[in-house]
Amino acid sequence: MSLETNSETQTELLLIQQPAVARCCGHGTSDFRSIDPPPILSLKLKPSPRIFNSEYIVAATLWSLDPNDEPFQELPNHLVGNTIAESRVLENLQGSIDIFFIFPHLYIRKEGRYRLCFRLIKIFSPSQDSLIPTSSVIGTVFSNIVQVFLPKHFPGKSKPSLLMRMLVKQTNDLKSRNL
């Protein structure tokens, strides 16, 4: 399946489920606790394609905050887990088809207040001159503030949202400790 894109195609990346809290995780895999709720993004393409492929991915990074709670500096060693999400064409809560990027396995290693940055990346097929695909960042969105707690101060996880439960039912490989 392919999507014909050109300069007339408009993209909009929406963060439709904001992350809020996390329990600080250690360096061992048994201690990982995912961000709650899991971030979910939606991609809107205009005009809407009839056929879509996975030429888009979203990459997540963690940013420290300045005194005004604005993103200040990327912290590459504090965010672990699946920091890349492939596009998933799934049914939304209204019963129509959307393009989603879901991050059920993101973990933060250090206590504090942060923002997540999500970059929409388009992967271009290799050209006849080169066998190497190229990519380009075509959109960025920041989350609200995520508060990361030490284990003894963590308030607990919320119940999974209706959206998350619906998306999990539509795919076999999407699992989360939240569910």
# chains A, B, ... in the order shown; residues from 1 in each chain; ligands from 1
>>> closest_atom_pairs(of="range 47-77 of chain A", to="range 124-129 of chain A", cutoff="12 Å", atoms="only C-alpha atoms", output="tab-separated table")
residue	atom	partner	partner_atom	distance
A:Asn53	CA	A:Phe124	CA	11.6
A:Ser54	CA	A:Phe124	CA	10.5
A:Glu55	CA	A:Phe124	CA	7.0
A:Tyr56	CA	A:Phe124	CA	9.1
A:Ile57	CA	A:Phe124	CA	11.4
>>> residues_around(residues="His105 in chain A", least_positions_apart="3", cutoff="6 Å", atoms="only C-alpha atoms", output="PDB file with all heavy atoms, in the first residue's frame")
ATOM      1  N   SER A  34       5.747   2.150  33.352  1.00  0.00           N
ATOM      2  CA  SER A  34       5.503   3.045  32.220  1.00  0.00           C
ATOM      3  C   SER A  34       4.835   4.340  32.644  1.00  0.00           C
ATOM      4  O   SER A  34       4.178   4.434  33.676  1.00  0.00           O
ATOM      5  CB  SER A  34       4.657   2.338  31.154  1.00  0.00           C
ATOM      6  OG  SER A  34       3.426   1.945  31.698  1.00  0.00           O
ATOM      7  N   GLY A  81      12.975   2.599  26.954  1.00  0.00           N
ATOM      8  CA  GLY A  81      11.815   1.857  26.470  1.00  0.00           C
ATOM      9  C   GLY A  81      11.673   2.018  24.969  1.00  0.00           C
ATOM     10  O   GLY A  81      12.650   2.312  24.269  1.00  0.00           O
ATOM     11  N   ASN A  82      10.457   1.835  24.476  1.00  0.00           N
ATOM     12  CA  ASN A  82      10.187   1.971  23.041  1.00  0.00           C
ATOM     13  C   ASN A  82       9.945   3.435  22.712  1.00  0.00           C
ATOM     14  O   ASN A  82       8.824   3.929  22.822  1.00  0.00           O
ATOM     15  CB  ASN A  82       8.982   1.117  22.644  1.00  0.00           C
ATOM     16  CG  ASN A  82       9.239  -0.356  22.852  1.00  0.00           C
ATOM     17  OD1 ASN A  82      10.378  -0.800  22.891  1.00  0.00           O
ATOM     18  ND2 ASN A  82       8.176  -1.121  22.981  1.00  0.00           N
TER      19      ASN A  82
END
>>> residues_around(residues="Gln94 in chain A", least_positions_apart="5", cutoff="12 Å", atoms="only C-alpha atoms", output="ChimeraX atom specification")
/A:162-163,166
>>> write_last_selection(atoms="N, CA and C atoms", output="short mmCIF file (atom, residue, chain, number, x, y, z; two decimals), in the first residue's frame")
data_model
loop_
_atom_site.label_atom_id
_atom_site.label_comp_id
_atom_site.auth_asym_id
_atom_site.auth_seq_id
_atom_site.Cartn_x
_atom_site.Cartn_y
_atom_site.Cartn_z
N LEU A 162 -10.82 4.97 27.94
CA LEU A 162 -11.67 4.29 26.97
C LEU A 162 -10.94 4.15 25.63
N LEU A 163 -10.23 5.21 25.23
CA LEU A 163 -9.47 5.17 23.98
C LEU A 163 -8.42 4.07 24.01
N MET A 166 -9.96 0.64 23.76
CA MET A 166 -10.45 0.37 22.41
C MET A 166 -9.30 0.04 21.45
#
>>> closest_residue(among="A:Lys46, A:Arg119, A:Phe101, A:Val148", to="Leu79 in chain A", atoms="only C-alpha atoms")
A:Val148
>>> select_by_dssp(residues="range 22-152 of chain A", states="strand (DSSP E)", output="PyMOL selection string")
chain A and resi 22-23+40-46+56-65+71-74+79-81+84-86+88-91+97-102+106-108+112-124+134-149
>>> residues_around(residues="Val58 in chain A", least_positions_apart="3", cutoff="7 Å", atoms="only C-alpha atoms", output="VMD selection string")
chain A and resid 84 to 86 101 118 to 121
>>> closest_atom_pairs(of="range 85-178 of chain A", to="range 64-74 of chain A", cutoff="12 Å", atoms="only C-alpha atoms", output="Markdown table")
| residue | atom | partner | partner_atom | distance |
| --- | --- | --- | --- | --- |
| A:Ile108 | CA | A:Ser64 | CA | 11.9 |
| A:Lys110 | CA | A:Ser64 | CA | 11.0 |
| A:Glu111 | CA | A:Ser64 | CA | 11.2 |
| A:Gly112 | CA | A:Ser64 | CA | 8.6 |
| A:Arg113 | CA | A:Leu65 | CA | 7.1 |
| A:Tyr114 | CA | A:Ser64 | CA | 5.1 |
| A:Arg115 | CA | A:Pro71 | CA | 6.5 |
| A:Leu116 | CA | A:Pro71 | CA | 8.7 |
| A:Cys117 | CA | A:Pro71 | CA | 8.7 |
| A:Phe118 | CA | A:Glu74 | CA | 11.9 |
| A:Val141 | CA | A:Pro71 | CA | 11.1 |
| A:Phe142 | CA | A:Pro71 | CA | 8.2 |
| A:Ser143 | CA | A:Pro71 | CA | 9.8 |
| A:Asn144 | CA | A:Asp69 | CA | 9.5 |
| A:Ile145 | CA | A:Asp69 | CA | 7.8 |
| A:Val146 | CA | A:Ser64 | CA | 10.3 |
| A:Gln147 | CA | A:Ser64 | CA | 11.3 |
| A:Val148 | CA | A:Ser64 | CA | 11.8 |
>>> residues_around(residues="Phe149 in chain A", least_positions_apart="5", cutoff="6 Å", atoms="only C-alpha atoms", output="ChimeraX atom specification")
/A:23-24,111,154
>>> write_last_selection(atoms="C-alpha atoms", output="PDB file, in the first residue's frame")
ATOM      1  CA  ARG A  23       7.148   6.168  38.768  1.00  0.00           C
ATOM      2  CA  CYS A  24      10.900   6.561  38.618  1.00  0.00           C
ATOM      3  CA  GLU A 111      12.616  11.952  39.579  1.00  0.00           C
ATOM      4  CA  PHE A 154       4.133   7.574  43.556  1.00  0.00           C
TER       5      PHE A 154
END
>>> closest_residue(among="A:Leu131, A:Ile102, A:Val137, A:Ile97", to="Leu174 in chain A", atoms="only C-alpha atoms")
A:Ile102
>>> closest_residue(among="A:Ser130, A:Asn77, A:Asn92, A:Ser135", to="His27 in chain A", atoms="only C-alpha atoms")
A:Asn77
>>> closest_residue(among="A:Asp31, A:Val89, A:Leu41, A:Asp36", to="Gln170 in chain A", atoms="only C-alpha atoms")
A:Val89
>>> atom_distance(atom1="CA of Met164 in chain A", atom2="CA of Lys152 in chain A")
26.8 Å
>>> select_by_dssp(residues="range 50-176 of chain A", states="helix (DSSP H, G or I)", output="ChimeraX atom specification")
/A:151-153,162-169
>>> write_last_selection(atoms="all heavy atoms", output="compact mmCIF listing (two decimals), in the first residue's frame")
# COMPACT_ATOMS: atom_id res chain seq x y z
N PRO A 151 9.55 5.85 43.95
CA PRO A 151 8.55 4.80 44.21
C PRO A 151 7.72 5.01 45.48
O PRO A 151 6.51 4.80 45.47
CB PRO A 151 9.39 3.53 44.29
CG PRO A 151 10.56 3.82 43.40
CD PRO A 151 10.85 5.28 43.60
N LYS A 152 8.33 5.47 46.57
CA LYS A 152 7.58 5.62 47.82
C LYS A 152 6.60 6.79 47.80
O LYS A 152 5.70 6.85 48.63
CB LYS A 152 8.54 5.74 49.01
CG LYS A 152 9.40 6.98 49.00
CD LYS A 152 10.34 6.97 50.20
CE LYS A 152 11.24 8.18 50.17
NZ LYS A 152 12.15 8.17 51.32
N HIS A 153 6.73 7.71 46.82
CA HIS A 153 5.83 8.86 46.73
C HIS A 153 4.86 8.76 45.54
O HIS A 153 4.03 9.64 45.37
CB HIS A 153 6.63 10.15 46.60
CG HIS A 153 7.52 10.42 47.76
ND1 HIS A 153 7.05 10.66 49.04
CD2 HIS A 153 8.87 10.48 47.85
CE1 HIS A 153 8.06 10.86 49.85
NE2 HIS A 153 9.18 10.74 49.16
N LEU A 162 -10.82 4.97 27.94
CA LEU A 162 -11.67 4.29 26.97
C LEU A 162 -10.94 4.15 25.63
O LEU A 162 -11.00 3.10 24.99
CB LEU A 162 -12.99 5.06 26.79
CG LEU A 162 -13.99 4.48 25.80
CD1 LEU A 162 -14.40 3.07 26.19
CD2 LEU A 162 -15.21 5.39 25.70
N LEU A 163 -10.23 5.21 25.23
CA LEU A 163 -9.47 5.17 23.98
C LEU A 163 -8.42 4.07 24.01
O LEU A 163 -8.31 3.27 23.08
CB LEU A 163 -8.82 6.52 23.70
CG LEU A 163 -7.91 6.58 22.49
CD1 LEU A 163 -8.68 6.30 21.19
CD2 LEU A 163 -7.22 7.93 22.40
N MET A 164 -7.65 3.98 25.10
CA MET A 164 -6.60 2.97 25.19
C MET A 164 -7.19 1.56 25.15
O MET A 164 -6.67 0.68 24.47
CB MET A 164 -5.77 3.18 26.46
CG MET A 164 -4.57 2.29 26.55
SD MET A 164 -3.37 2.66 25.26
CE MET A 164 -2.09 1.50 25.65
N ARG A 165 -8.28 1.35 25.88
CA ARG A 165 -8.92 0.03 25.88
C ARG A 165 -9.40 -0.34 24.48
O ARG A 165 -9.26 -1.48 24.04
CB ARG A 165 -10.07 0.00 26.88
CG ARG A 165 -9.59 0.03 28.33
CD ARG A 165 -10.69 -0.32 29.32
NE ARG A 165 -11.95 0.37 29.11
CZ ARG A 165 -12.34 1.47 29.75
NH1 ARG A 165 -11.56 2.00 30.65
NH2 ARG A 165 -13.51 2.01 29.52
N MET A 166 -9.96 0.64 23.76
CA MET A 166 -10.45 0.37 22.41
C MET A 166 -9.30 0.04 21.45
O MET A 166 -9.41 -0.87 20.64
CB MET A 166 -11.24 1.56 21.89
CG MET A 166 -11.85 1.34 20.55
SD MET A 166 -12.94 2.70 20.17
CE MET A 166 -13.68 2.09 18.69
N LEU A 167 -8.20 0.75 21.57
CA LEU A 167 -7.05 0.50 20.69
C LEU A 167 -6.42 -0.86 20.99
O LEU A 167 -6.01 -1.57 20.07
CB LEU A 167 -6.02 1.62 20.82
CG LEU A 167 -6.49 3.00 20.37
CD1 LEU A 167 -5.41 4.04 20.64
CD2 LEU A 167 -6.92 3.02 18.92
N VAL A 168 -6.34 -1.23 22.27
CA VAL A 168 -5.77 -2.53 22.64
C VAL A 168 -6.60 -3.67 22.06
O VAL A 168 -6.05 -4.67 21.60
CB VAL A 168 -5.66 -2.65 24.17
CG1 VAL A 168 -5.39 -4.09 24.60
CG2 VAL A 168 -4.55 -1.74 24.69
N LYS A 169 -7.91 -3.53 22.04
CA LYS A 169 -8.78 -4.57 21.49
C LYS A 169 -8.55 -4.78 19.99
O LYS A 169 -8.83 -5.85 19.46
CB LYS A 169 -10.25 -4.22 21.71
CG LYS A 169 -10.69 -4.40 23.13
CD LYS A 169 -12.17 -4.04 23.27
CE LYS A 169 -12.60 -4.13 24.71
NZ LYS A 169 -14.00 -3.70 24.89
>>> closest_residue(among="A:Ile35, A:Ile16, A:Ser87, A:Lys157", to="Ile99 in chain A", atoms="only C-alpha atoms")
A:Ser87
